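Undergrad: For reference, this is structure39.cif, and it has mmCIF, C-alpha atoms and all ligand atoms.
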data_coords
#
loop_
_atom_site.group_PDB
_atom_site.id
_atom_site.type_symbol
_atom_site.label_atom_id
_atom_site.label_comp_id
_atom_site.auth_asym_id
_atom_site.auth_seq_id
_atom_site.Cartn_x
_atom_site.Cartn_y
_atom_site.Cartn_z
ATOM 1 C CA MET A 18 -1.015 -107.776 -170.587
ATOM 2 C CA ILE A 19 -0.027 -106.766 -174.124
ATOM 3 C CA ASP A 20 -2.789 -104.904 -175.942
ATOM 4 C CA PRO A 21 -3.675 -107.094 -178.992
ATOM 5 C CA ARG A 22 -4.315 -103.944 -181.056
ATOM 6 C CA TRP A 23 -0.508 -103.530 -181.153
ATOM 7 C CA ARG A 24 0.303 -107.153 -182.050
ATOM 8 C CA LEU A 25 0.255 -109.281 -185.208
ATOM 9 C CA ASP A 26 0.371 -112.711 -183.570
ATOM 10 C CA GLY A 27 -0.785 -115.487 -185.877
ATOM 11 C CA GLN A 28 -0.906 -113.245 -188.957
ATOM 12 C CA THR A 29 1.020 -114.194 -192.103
ATOM 13 C CA ALA A 30 2.616 -111.415 -194.142
ATOM 14 C CA LEU A 31 4.003 -111.575 -197.695
ATOM 15 C CA ILE A 32 6.792 -109.041 -198.255
ATOM 16 C CA THR A 33 8.146 -108.595 -201.769
ATOM 17 C CA GLY A 34 11.787 -107.519 -201.874
ATOM 18 C CA GLY A 35 12.159 -108.883 -198.345
ATOM 19 C CA SER A 36 15.812 -109.919 -198.575
ATOM 20 C CA ALA A 37 17.456 -106.480 -198.184
ATOM 21 C CA GLY A 38 17.022 -102.840 -197.244
ATOM 22 C CA ILE A 39 13.549 -101.599 -196.388
ATOM 23 C CA GLY A 40 11.883 -104.963 -197.093
ATOM 24 C CA LEU A 41 14.169 -106.817 -194.695
ATOM 25 C CA ALA A 42 13.592 -104.172 -192.009
ATOM 26 C CA ILE A 43 9.830 -104.614 -192.541
ATOM 27 C CA ALA A 44 10.216 -108.386 -192.120
ATOM 28 C CA ARG A 45 12.061 -107.902 -188.811
ATOM 29 C CA GLU A 46 9.504 -105.371 -187.566
ATOM 30 C CA LEU A 47 6.509 -107.604 -188.377
ATOM 31 C CA LEU A 48 8.247 -110.663 -186.894
ATOM 32 C CA GLY A 49 8.906 -108.670 -183.720
ATOM 33 C CA LEU A 50 5.173 -108.001 -183.520
ATOM 34 C CA GLY A 51 4.411 -111.724 -183.710
ATOM 35 C CA ALA A 52 3.712 -112.218 -187.427
ATOM 36 C CA ASP A 53 4.919 -115.061 -189.652
ATOM 37 C CA VAL A 54 6.574 -113.890 -192.880
ATOM 38 C CA LEU A 55 6.868 -115.034 -196.481
ATOM 39 C CA LEU A 56 9.663 -113.305 -198.379
ATOM 40 C CA ALA A 57 10.020 -112.963 -202.156
ATOM 41 C CA ALA A 58 13.149 -111.694 -203.924
ATOM 42 C CA ARG A 59 15.158 -112.704 -206.997
ATOM 43 C CA ASP A 60 18.528 -113.854 -205.643
ATOM 44 C CA PRO A 61 17.984 -117.265 -203.978
ATOM 45 C CA ASP A 62 21.320 -117.193 -202.133
ATOM 46 C CA ALA A 63 20.698 -113.815 -200.504
ATOM 47 C CA LEU A 64 17.166 -114.910 -199.677
ATOM 48 C CA GLY A 65 18.391 -118.177 -198.123
ATOM 49 C CA ALA A 66 20.967 -116.335 -195.991
ATOM 50 C CA VAL A 67 18.362 -113.854 -194.747
ATOM 51 C CA GLU A 68 15.924 -116.684 -194.031
ATOM 52 C CA SER A 69 18.534 -118.449 -191.862
ATOM 53 C CA ASP A 70 19.384 -115.245 -189.964
ATOM 54 C CA LEU A 71 15.728 -114.505 -189.271
ATOM 55 C CA VAL A 72 15.010 -118.071 -188.147
ATOM 56 C CA CYS A 73 17.795 -117.648 -185.529
ATOM 57 C CA GLU A 74 16.463 -114.253 -184.435
ATOM 58 C CA PHE A 75 12.795 -115.280 -184.306
ATOM 59 C CA PRO A 76 12.743 -119.038 -183.556
ATOM 60 C CA ALA A 77 9.048 -119.031 -182.653
ATOM 61 C CA SER A 78 7.939 -117.632 -186.019
ATOM 62 C CA ARG A 79 7.416 -119.243 -189.424
ATOM 63 C CA ILE A 80 9.788 -117.689 -191.980
ATOM 64 C CA LEU A 81 9.880 -118.852 -195.580
ATOM 65 C CA GLY A 82 11.339 -117.412 -198.760
ATOM 66 C CA LEU A 83 10.682 -118.032 -202.426
ATOM 67 C CA ALA A 84 12.963 -116.811 -205.215
ATOM 68 C CA CYS A 85 10.692 -114.785 -207.463
ATOM 69 C CA ASP A 86 11.107 -111.914 -209.886
ATOM 70 C CA VAL A 87 7.868 -109.973 -209.411
ATOM 71 C CA SER A 88 8.253 -108.370 -212.834
ATOM 72 C CA VAL A 89 7.743 -111.761 -214.532
ATOM 73 C CA PRO A 90 4.053 -112.784 -214.789
ATOM 74 C CA ALA A 91 4.739 -116.548 -214.569
ATOM 75 C CA GLU A 92 6.840 -116.042 -211.426
ATOM 76 C CA ARG A 93 4.091 -113.977 -209.767
ATOM 77 C CA GLU A 94 1.659 -116.791 -210.516
ATOM 78 C CA ALA A 95 4.110 -119.358 -209.119
ATOM 79 C CA LEU A 96 4.485 -117.254 -205.959
ATOM 80 C CA PHE A 97 0.763 -117.447 -205.270
ATOM 81 C CA ASP A 98 0.581 -121.157 -206.176
ATOM 82 C CA TRP A 99 3.309 -121.657 -203.543
ATOM 83 C CA ILE A 100 1.359 -119.632 -200.977
ATOM 84 C CA GLU A 101 -1.881 -121.533 -201.658
ATOM 85 C CA ASP A 102 -0.159 -124.945 -201.744
ATOM 86 C CA GLY A 103 1.523 -124.146 -198.413
ATOM 87 C CA GLY A 104 -1.872 -123.381 -196.885
ATOM 88 C CA HIS A 105 -0.657 -119.965 -195.728
ATOM 89 C CA ALA A 106 -3.516 -117.830 -194.437
ATOM 90 C CA LEU A 107 -2.359 -114.509 -195.850
ATOM 91 C CA ARG A 108 -3.432 -111.460 -193.811
ATOM 92 C CA ILE A 109 -0.829 -108.857 -194.820
ATOM 93 C CA LEU A 110 0.754 -107.970 -198.167
ATOM 94 C CA VAL A 111 3.625 -105.499 -198.455
ATOM 95 C CA ASN A 112 4.449 -104.536 -202.041
ATOM 96 C CA ASN A 113 7.995 -103.337 -201.471
ATOM 97 C CA ALA A 114 10.057 -104.600 -204.448
ATOM 98 C CA GLY A 115 10.978 -101.680 -206.657
ATOM 99 C CA THR A 116 13.471 -100.667 -209.290
ATOM 100 C CA ASN A 117 14.858 -97.614 -211.032
ATOM 101 C CA ALA A 118 17.225 -96.376 -213.694
ATOM 102 C CA SER A 119 17.744 -92.658 -213.329
ATOM 103 C CA ARG A 120 18.184 -90.638 -216.561
ATOM 104 C CA ALA A 121 17.014 -87.544 -218.366
ATOM 105 C CA ALA A 122 13.604 -88.225 -219.950
ATOM 106 C CA MET A 123 14.956 -88.238 -223.501
ATOM 107 C CA ASP A 124 17.680 -90.767 -222.683
ATOM 108 C CA TYR A 125 15.458 -93.762 -221.801
ATOM 109 C CA ALA A 126 15.115 -96.661 -224.186
ATOM 110 C CA GLU A 127 11.454 -97.635 -224.392
ATOM 111 C CA GLU A 128 11.977 -101.119 -222.908
ATOM 112 C CA GLU A 129 13.928 -99.556 -220.043
ATOM 113 C CA TRP A 130 11.194 -97.208 -218.816
ATOM 114 C CA ARG A 131 8.523 -99.834 -219.407
ATOM 115 C CA ALA A 132 10.507 -102.210 -217.166
ATOM 116 C CA ILE A 133 10.390 -99.653 -214.334
ATOM 117 C CA PHE A 134 6.592 -99.595 -214.586
ATOM 118 C CA GLU A 135 6.448 -103.409 -214.768
ATOM 119 C CA THR A 136 8.180 -103.840 -211.391
ATOM 120 C CA ASN A 137 6.934 -100.766 -209.520
ATOM 121 C CA LEU A 138 3.321 -100.652 -210.690
ATOM 122 C CA PHE A 139 2.061 -103.544 -212.819
ATOM 123 C CA ALA A 140 3.593 -106.215 -210.560
ATOM 124 C CA ALA A 141 2.150 -104.518 -207.464
ATOM 125 C CA PHE A 142 -1.331 -104.369 -209.041
ATOM 126 C CA GLU A 143 -1.197 -107.986 -210.161
ATOM 127 C CA ILE A 144 0.056 -109.123 -206.745
ATOM 128 C CA CYS A 145 -2.779 -107.197 -205.051
ATOM 129 C CA ARG A 146 -5.220 -109.007 -207.361
ATOM 130 C CA TYR A 147 -3.691 -112.418 -206.643
ATOM 131 C CA ALA A 148 -3.757 -111.636 -202.908
ATOM 132 C CA HIS A 149 -7.358 -110.402 -202.810
ATOM 133 C CA PRO A 150 -9.083 -113.812 -202.558
ATOM 134 C CA LEU A 151 -6.709 -114.844 -199.756
ATOM 135 C CA LEU A 152 -6.888 -111.564 -197.827
ATOM 136 C CA SER A 153 -10.669 -111.365 -198.092
ATOM 137 C CA ARG A 154 -11.051 -114.719 -196.307
ATOM 138 C CA HIS A 155 -10.400 -112.805 -193.068
ATOM 139 C CA PRO A 156 -12.506 -110.035 -191.556
ATOM 140 C CA ALA A 157 -9.501 -107.669 -191.341
ATOM 141 C CA SER A 158 -6.503 -107.708 -193.687
ATOM 142 C CA ALA A 159 -3.991 -105.103 -194.828
ATOM 143 C CA ILE A 160 -1.978 -104.145 -197.897
ATOM 144 C CA VAL A 161 0.854 -101.621 -197.694
ATOM 145 C CA ASN A 162 2.505 -100.341 -200.865
ATOM 146 C CA VAL A 163 5.976 -98.843 -200.642
ATOM 147 C CA GLY A 164 5.740 -95.689 -202.725
ATOM 148 C CA SER A 165 8.100 -92.731 -202.644
ATOM 149 C CA VAL A 166 8.223 -88.972 -202.184
ATOM 150 C CA SER A 167 9.073 -89.013 -205.888
ATOM 151 C CA GLY A 168 5.450 -89.997 -206.515
ATOM 152 C CA LEU A 169 4.319 -86.783 -204.808
ATOM 153 C CA THR A 170 6.762 -84.159 -206.054
ATOM 154 C CA HIS A 171 9.695 -83.859 -208.426
ATOM 155 C CA VAL A 172 12.936 -85.362 -207.196
ATOM 156 C CA ARG A 173 15.924 -86.271 -209.353
ATOM 157 C CA THR A 174 14.991 -89.937 -209.825
ATOM 158 C CA GLY A 175 13.945 -89.739 -213.465
ATOM 159 C CA ALA A 176 10.363 -89.361 -214.702
ATOM 160 C CA PRO A 177 9.350 -93.050 -215.072
ATOM 161 C CA TYR A 178 10.182 -93.864 -211.442
ATOM 162 C CA GLY A 179 8.243 -90.838 -210.147
ATOM 163 C CA ALA A 180 5.300 -91.578 -212.450
ATOM 164 C CA SER A 181 5.225 -95.262 -211.442
ATOM 165 C CA LYS A 182 5.225 -94.361 -207.744
ATOM 166 C CA ALA A 183 2.530 -91.681 -208.258
ATOM 167 C CA ALA A 184 0.389 -94.333 -209.943
ATOM 168 C CA LEU A 185 1.102 -96.736 -207.071
ATOM 169 C CA HIS A 186 -0.176 -94.107 -204.623
ATOM 170 C CA GLN A 187 -3.369 -93.670 -206.646
ATOM 171 C CA LEU A 188 -3.750 -97.453 -206.960
ATOM 172 C CA THR A 189 -3.596 -97.498 -203.153
ATOM 173 C CA ARG A 190 -6.453 -94.988 -202.895
ATOM 174 C CA ASN A 191 -8.608 -96.777 -205.485
ATOM 175 C CA LEU A 192 -8.168 -100.247 -203.976
ATOM 176 C CA ALA A 193 -8.760 -98.841 -200.466
ATOM 177 C CA CYS A 194 -12.225 -97.684 -201.543
ATOM 178 C CA GLU A 195 -13.018 -100.710 -203.702
ATOM 179 C CA TRP A 196 -11.905 -103.326 -201.168
ATOM 180 C CA ALA A 197 -12.981 -101.692 -197.873
ATOM 181 C CA SER A 198 -16.165 -103.774 -197.913
ATOM 182 C CA ASP A 199 -14.009 -106.908 -198.322
ATOM 183 C CA GLY A 200 -12.224 -106.109 -195.044
ATOM 184 C CA ILE A 201 -8.960 -105.119 -196.751
ATOM 185 C CA ARG A 202 -7.302 -101.839 -195.794
ATOM 186 C CA VAL A 203 -4.874 -100.498 -198.400
ATOM 187 C CA ASN A 204 -2.284 -97.871 -197.494
ATOM 188 C CA ALA A 205 1.114 -96.636 -198.643
ATOM 189 C CA VAL A 206 4.313 -95.141 -197.313
ATOM 190 C CA ALA A 207 6.417 -92.583 -199.147
ATOM 191 C CA PRO A 208 10.074 -92.605 -198.101
ATOM 192 C CA TRP A 209 12.660 -89.935 -198.921
ATOM 193 C CA TYR A 210 16.346 -90.901 -198.822
ATOM 194 C CA ILE A 211 16.758 -94.075 -196.754
ATOM 195 C CA ARG A 212 20.106 -95.741 -196.024
ATOM 196 C CA THR A 213 20.040 -98.911 -198.190
ATOM 197 C CA ARG A 214 22.293 -100.431 -200.847
ATOM 198 C CA ARG A 215 20.250 -98.759 -203.558
ATOM 199 C CA THR A 216 21.040 -95.260 -202.250
ATOM 200 C CA ALA A 217 24.635 -96.016 -201.201
ATOM 201 C CA GLY A 218 26.086 -95.013 -204.576
ATOM 202 C CA ALA A 219 24.432 -91.595 -204.790
ATOM 203 C CA LEU A 220 25.048 -90.774 -201.125
ATOM 204 C CA ALA A 221 28.735 -91.713 -201.395
ATOM 205 C CA SER A 222 29.259 -88.364 -203.100
ATOM 206 C CA HIS A 223 29.879 -85.851 -200.300
ATOM 207 C CA GLU A 224 28.579 -82.974 -202.394
ATOM 208 C CA TYR A 225 25.345 -84.739 -203.327
ATOM 209 C CA ARG A 226 24.753 -85.950 -199.780
ATOM 210 C CA GLU A 227 25.143 -82.383 -198.461
ATOM 211 C CA GLU A 228 22.579 -81.222 -201.032
ATOM 212 C CA VAL A 229 20.155 -83.916 -199.874
ATOM 213 C CA LEU A 230 20.664 -83.024 -196.210
ATOM 214 C CA ALA A 231 20.167 -79.318 -196.925
ATOM 215 C CA ARG A 232 16.733 -80.223 -198.360
ATOM 216 C CA THR A 233 15.811 -82.351 -195.328
ATOM 217 C CA PRO A 234 14.580 -80.430 -192.260
ATOM 218 C CA MET A 235 15.715 -83.215 -189.915
ATOM 219 C CA GLY A 236 19.184 -82.990 -191.449
ATOM 220 C CA ARG A 237 19.855 -86.705 -191.778
ATOM 221 C CA ILE A 238 19.232 -89.759 -193.984
ATOM 222 C CA GLY A 239 16.418 -92.076 -192.872
ATOM 223 C CA GLU A 240 16.931 -95.634 -191.647
ATOM 224 C CA PRO A 241 15.096 -98.682 -193.084
ATOM 225 C CA GLU A 242 13.709 -99.378 -189.593
ATOM 226 C CA GLU A 243 11.960 -95.982 -189.635
ATOM 227 C CA VAL A 244 10.065 -96.949 -192.799
ATOM 228 C CA ALA A 245 9.374 -100.391 -191.333
ATOM 229 C CA ALA A 246 7.774 -98.844 -188.241
ATOM 230 C CA ALA A 247 5.330 -96.846 -190.380
ATOM 231 C CA VAL A 248 4.508 -99.944 -192.444
ATOM 232 C CA ALA A 249 3.954 -101.959 -189.266
ATOM 233 C CA PHE A 250 1.575 -99.340 -187.869
ATOM 234 C CA LEU A 251 -0.495 -99.528 -191.061
ATOM 235 C CA CYS A 252 -0.681 -103.348 -190.711
ATOM 236 C CA LEU A 253 -1.725 -103.353 -187.047
ATOM 237 C CA PRO A 254 -5.277 -103.706 -185.759
ATOM 238 C CA ALA A 255 -4.567 -100.321 -184.076
ATOM 239 C CA ALA A 256 -4.789 -98.753 -187.569
ATOM 240 C CA GLY A 257 -8.163 -100.443 -188.160
ATOM 241 C CA TYR A 258 -9.894 -97.239 -189.362
ATOM 242 C CA VAL A 259 -6.996 -96.033 -191.555
ATOM 243 C CA THR A 260 -7.251 -96.792 -195.261
ATOM 244 C CA GLY A 261 -6.292 -95.056 -198.506
ATOM 245 C CA GLU A 262 -3.588 -93.095 -196.665
ATOM 246 C CA CYS A 263 0.020 -92.444 -197.537
ATOM 247 C CA ILE A 264 2.474 -91.776 -194.707
ATOM 248 C CA ALA A 265 5.587 -89.870 -195.740
ATOM 249 C CA VAL A 266 8.732 -91.074 -193.961
ATOM 250 C CA ASP A 267 10.897 -88.202 -195.058
ATOM 251 C CA GLY A 268 12.386 -86.178 -192.191
ATOM 252 C CA GLY A 269 10.084 -83.308 -193.240
ATOM 253 C CA PHE A 270 11.270 -83.183 -196.877
ATOM 254 C CA LEU A 271 7.797 -82.795 -198.413
ATOM 255 C CA ARG A 272 6.867 -79.964 -196.039
ATOM 256 C CA TYR A 273 9.997 -77.936 -196.770
ATOM 257 C CA GLY A 274 9.244 -75.308 -199.420
ATOM 258 C CA PHE A 275 12.393 -73.288 -198.898
HETATM 259 N N1 LIG B 1 16.021 -96.448 -200.279
HETATM 260 C C1 LIG B 1 15.359 -95.328 -200.501
HETATM 261 O O1 LIG B 1 15.860 -94.218 -200.297
HETATM 262 C C2 LIG B 1 13.941 -95.392 -201.042
HETATM 263 C C3 LIG B 1 13.232 -94.195 -201.125
HETATM 264 C C4 LIG B 1 11.926 -94.233 -201.602
HETATM 265 C C5 LIG B 1 11.355 -95.426 -201.961
HETATM 266 N N2 LIG B 1 12.068 -96.571 -201.886
HETATM 267 C C6 LIG B 1 11.406 -97.820 -202.287
HETATM 268 O O2 LIG B 1 11.584 -98.790 -201.284
HETATM 269 C C7 LIG B 1 11.588 -100.076 -201.869
HETATM 270 C C8 LIG B 1 12.788 -100.865 -201.378
HETATM 271 O O3 LIG B 1 13.969 -100.156 -201.706
HETATM 272 P P1 LIG B 1 15.358 -100.441 -200.965
HETATM 273 O O4 LIG B 1 16.092 -99.160 -200.937
HETATM 274 O O5 LIG B 1 15.132 -101.181 -199.713
HETATM 275 O O6 LIG B 1 16.078 -101.386 -202.059
HETATM 276 P P2 LIG B 1 17.199 -102.509 -201.869
HETATM 277 O O7 LIG B 1 17.973 -102.303 -200.622
HETATM 278 O O8 LIG B 1 17.910 -102.552 -203.169
HETATM 279 O O9 LIG B 1 16.344 -103.860 -201.698
HETATM 280 C C9 LIG B 1 15.474 -104.218 -202.718
HETATM 281 C C10 LIG B 1 14.834 -105.559 -202.380
HETATM 282 O O10 LIG B 1 13.893 -105.866 -203.412
HETATM 283 C C11 LIG B 1 14.296 -107.073 -204.090
HETATM 284 N N3 LIG B 1 13.900 -106.908 -205.487
HETATM 285 C C12 LIG B 1 14.303 -105.972 -206.371
HETATM 286 N N4 LIG B 1 13.724 -106.171 -207.570
HETATM 287 C C13 LIG B 1 12.920 -107.260 -207.425
HETATM 288 C C14 LIG B 1 12.080 -107.974 -208.298
HETATM 289 N N5 LIG B 1 11.927 -107.615 -209.582
HETATM 290 N N6 LIG B 1 11.406 -109.036 -207.827
HETATM 291 C C15 LIG B 1 11.541 -109.423 -206.531
HETATM 292 N N7 LIG B 1 12.339 -108.790 -205.666
HETATM 293 C C16 LIG B 1 13.020 -107.724 -206.100
HETATM 294 C C17 LIG B 1 15.797 -107.176 -203.816
HETATM 295 O O11 LIG B 1 16.290 -108.514 -203.871
HETATM 296 P P3 LIG B 1 16.846 -109.131 -205.276
HETATM 297 O O12 LIG B 1 17.773 -108.110 -205.862
HETATM 298 O O13 LIG B 1 17.509 -110.426 -204.875
HETATM 299 O O14 LIG B 1 15.637 -109.352 -206.114
HETATM 300 C C18 LIG B 1 15.825 -106.691 -202.369
HETATM 301 O O15 LIG B 1 15.362 -107.704 -201.489
HETATM 302 C C19 LIG B 1 11.534 -99.859 -203.388
HETATM 303 O O16 LIG B 1 10.207 -99.991 -203.843
HETATM 304 C C20 LIG B 1 11.991 -98.429 -203.553
HETATM 305 O O17 LIG B 1 11.480 -97.834 -204.714
HETATM 306 C C21 LIG B 1 13.350 -96.592 -201.437
#
Mind converting the file's structure to C-alpha cells?

TA:
Amino acid sequence: MIDPRWRLDGQTALITGGSAGIGLAIARELLGLGADVLLAARDPDALGAVESDLVCEFPASRILGLACDVSVPAEREALFDWIEDGGHALRILVNNAGTNASRAAMDYAEEEWRAIFETNLFAAFEICRYAHPLLSRHPASAIVNVGSVSGLTHVRTGAPYGASKAALHQLTRNLACEWASDGIRVNAVAPWYIRTRRTAGALASHEYREEVLARTPMGRIGEPEEVAAAVAFLCLPAAGYVTGECIAVDGGFLRYGF
C-alpha cells in the first residue's frame, strides 16, 4: 500500500508560471503524486499546448489553465474569481512566476526595477493573500515560493532581482509564523542555475558556463525536475512539521566559499 504521507491525491494546486521551465516541472511532479493542477501564465497558446500535453500524460487528473499576468492586479483578482467560480478546493499554492532584467545598479530605469519587484514580490504577496481564505478551509495546506540563491548571496543577476528574492524569502518566514495556526505551511526553494529557457542565453556562452560550473561543487547545471522534487516534498503531508524553511537546490553553490 502507498503511504499517504507521500501522496497528494485529491489536492488541488495552483502553480503560477506553470507553462514552462521550473513551473511546468512542478506541475508534472505534483500530478505524478496525484494532485490536480491549475496553471497560470501569460501566453494563452503556450498554456493551451501544455494543458493538452498534461491531459494526455495524466488522464485521471484535473488540469486547467488560465492566461494571467500575475504582475497586473486586475488579472490576479480575475485568477481567484476563476478559482472560486470553478469551486476548486485549493490546498497548494506555488508562487513560481518570476522575471528579471540584469544590469548594473545605475543602469536601471525606475519603472524597470519596480516591475521586477511587482512580479517577484508584490504579486506573490497578493496571491498568498488571495489564497489564504481558500487554503485555510482545510486543516493542512501548503505554500511554496520559488526564491533564488540570489536572495541569499550576491550573484550576477542585478540588485533588484536579488533584493526581490531576498524579500520573498523573508515573506516566506513571516507568513509561516503568522499562518501556522491557520493550518498553512509556507516554505521556499532557492535554485542556482537551472536548465530552462531563461538561462539558455547566458549558458550558451562557453566561457560563462565554465565559470558557473567552477563555482558549483557538483560541477553541473541543475534540472527543473530537481527543483520540482524539492517543491513537491514541501507540499507533501510528509513535510507536515516543516514551515518557514528555504531549501537550496544548488549543487552545493551556497556552501562553496572557495
Ligand atoms: N532557471 C533558473 O536558473 C532559476 C534560478 C533561480 C530562480 N529561478 C526562479 O524560478 C522561477 C521560474 O523560472 P524559469 O527558469 O522556470 O523560467 P521560464 O522557463 O522562463 O518560465 C517562466 C514561467 O513563468 C511564466 N511567467 C513569467 N512571467 C509571468 C507573469 N508575469 N505572470 C504569469 N506567468 C508568468 C512563463 O509563461 P509566460 O511567459 O507565458 O507568462 C513561464 O510559464 C522564477 O521565479 C525564477 O526567478 C530560476

Undergrad: Given the file shown, determine the residues that the PyMOL selection byres (((not hetatm)) within 7 of (chain B and resi 1)) selects; report them as a VMD selection string.

TA: chain A and resid 33 to 41 57 to 61 63 to 64 85 to 88 113 to 116 136 to 137 163 to 166 207 to 216

Undergrad: Please provide the set of residues having any atom within 7 Å of Leu110 of chain A, restricted to all atoms listed in the file, with same-chain residues fewer than 6 positions apart removed, written as a PDB file with C-alpha atoms, keeping the file's coordinate frame.

TA:
ATOM      1  CA  ALA A  30       2.616-111.415-194.142  1.00  0.00           C
ATOM      2  CA  LEU A  31       4.003-111.575-197.695  1.00  0.00           C
ATOM      3  CA  ILE A  32       6.792-109.041-198.255  1.00  0.00           C
ATOM      4  CA  ALA A 159      -3.991-105.103-194.828  1.00  0.00           C
ATOM      5  CA  ILE A 160      -1.978-104.145-197.897  1.00  0.00           C
ATOM      6  CA  VAL A 161       0.854-101.621-197.694  1.00  0.00           C
TER       7      VAL A 161
END

Undergrad: Measure the distance from atom CA of Leu138 of chain A to atom CA of Val206 of chain A in Å and round it to one decimal.

TA: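 For atom CA of Leu138 of chain A relative to atom CA of Val206 of chain A, the distance reads 14.5 Å.
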
Undergrad: Extract, using all atoms listed in the file, all DNA, RNA and protein residues at most 8 Å from Thr174 of chain A, discarding same-chain residues fewer than 6 positions from it, and format them as an NGL selection string.

TA: :A and (117-120 or 167)

Undergrad: What residues come out when you apply the PyMOL selection byres (((chain A and resi 139) around 12) and not hetatm) to this file, written as a ChimeraX atom specification?

TA: /A:87-90,93,112,114-115,131-138,140-146,181-182,184-185,188

Undergrad: Find the spatial neighbours of Gln187 of chain A, counting all atoms listed in the file, within a cut-off of 12 Å - ignore same-chain residues fewer than 4 positions away - and output them as a list in words.

TA: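 Neighbouring residues, sequence-local ones excluded: Leu138, Phe142, Asn162, Gly164, Gly168, Leu169, Ala180, Ser181, Lys182, Ala183, Asn191, Leu192, Ala193, Cys194, Val203, Asn204, Ala205, Gly261, Glu262 and Cys263 of chain A.
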
Undergrad: Determine the nearest neighbour of Ile201 of chain A from the options A:Gly65, A:Gly179, A:Pro156, A:Pro241, counting all atoms listed in the file.

TA: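 Closest to Ile201 of chain A, using all atoms listed in the file: A:Pro156.
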
Undergrad: At a cut-off of 10 Å, using only C-alpha atoms, what residues contact Val54 of chain A? Leave out same-chain residues fewer than 6 positions from it and give the result as a PyMOL selection string.

TA: chain A and resi 28-32+35+43-45+47-48+68+71+78-82+105+107+109-110

Undergrad: Measuring atom to atom with only C-alpha atoms, identify which of A:Ala95, A:Leu220, A:Ala247, A:Cys252 is nearest to Ser158 of chain A.

TA: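 Checking each of A:Ala95, A:Leu220, A:Ala247, A:Cys252 against Ser158 of chain A, counting only C-alpha atoms, the winner is A:Cys252.
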
Undergrad: Care to translate the PyMOL selection byres (((chain A and resi 150) around 12) and not hetatm) into actual residues of this file, as an mmCIF file with C-alpha atoms, in the frame of the given file?

TA:
data_model
loop_
_atom_site.group_PDB
_atom_site.id
_atom_site.type_symbol
_atom_site.label_atom_id
_atom_site.label_comp_id
_atom_site.auth_asym_id
_atom_site.auth_seq_id
_atom_site.Cartn_x
_atom_site.Cartn_y
_atom_site.Cartn_z
ATOM 1 C CA PHE A 97 0.763 -117.447 -205.270
ATOM 2 C CA GLU A 101 -1.881 -121.533 -201.658
ATOM 3 C CA ALA A 106 -3.516 -117.830 -194.437
ATOM 4 C CA LEU A 107 -2.359 -114.509 -195.850
ATOM 5 C CA ARG A 108 -3.432 -111.460 -193.811
ATOM 6 C CA ILE A 144 0.056 -109.123 -206.745
ATOM 7 C CA CYS A 145 -2.779 -107.197 -205.051
ATOM 8 C CA ARG A 146 -5.220 -109.007 -207.361
ATOM 9 C CA TYR A 147 -3.691 -112.418 -206.643
ATOM 10 C CA ALA A 148 -3.757 -111.636 -202.908
ATOM 11 C CA HIS A 149 -7.358 -110.402 -202.810
ATOM 12 C CA LEU A 151 -6.709 -114.844 -199.756
ATOM 13 C CA LEU A 152 -6.888 -111.564 -197.827
ATOM 14 C CA SER A 153 -10.669 -111.365 -198.092
ATOM 15 C CA ARG A 154 -11.051 -114.719 -196.307
ATOM 16 C CA HIS A 155 -10.400 -112.805 -193.068
ATOM 17 C CA SER A 158 -6.503 -107.708 -193.687
ATOM 18 C CA TRP A 196 -11.905 -103.326 -201.168
ATOM 19 C CA ASP A 199 -14.009 -106.908 -198.322
ATOM 20 C CA GLY A 200 -12.224 -106.109 -195.044
ATOM 21 C CA ILE A 201 -8.960 -105.119 -196.751
#

Undergrad: Please compute the atom CA of Asp20 of chain A-atom CA of Gly49 of chain A distance, one decimal, in Å.

TA: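 So the answer is 14.5 Å.
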
Undergrad: So, counting only C-alpha atoms, which residue among A:Phe75, A:Tyr258, A:Tyr225, A:Phe270 is closest to Gly239 of chain A?

TA: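 Closest candidate: A:Phe270.
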
Undergrad: Where's the centre, and what are the edge lengths in Å to one decimal, of a box along x, y and z enclosing all listed atoms of segment 58-75 of chain A padded 4 Å per side, as JSON?

TA:
{"center_x": 17.1, "center_y": -115.1, "center_z": -195.7, "size_x": 16.5, "size_y": 14.8, "size_z": 30.7}
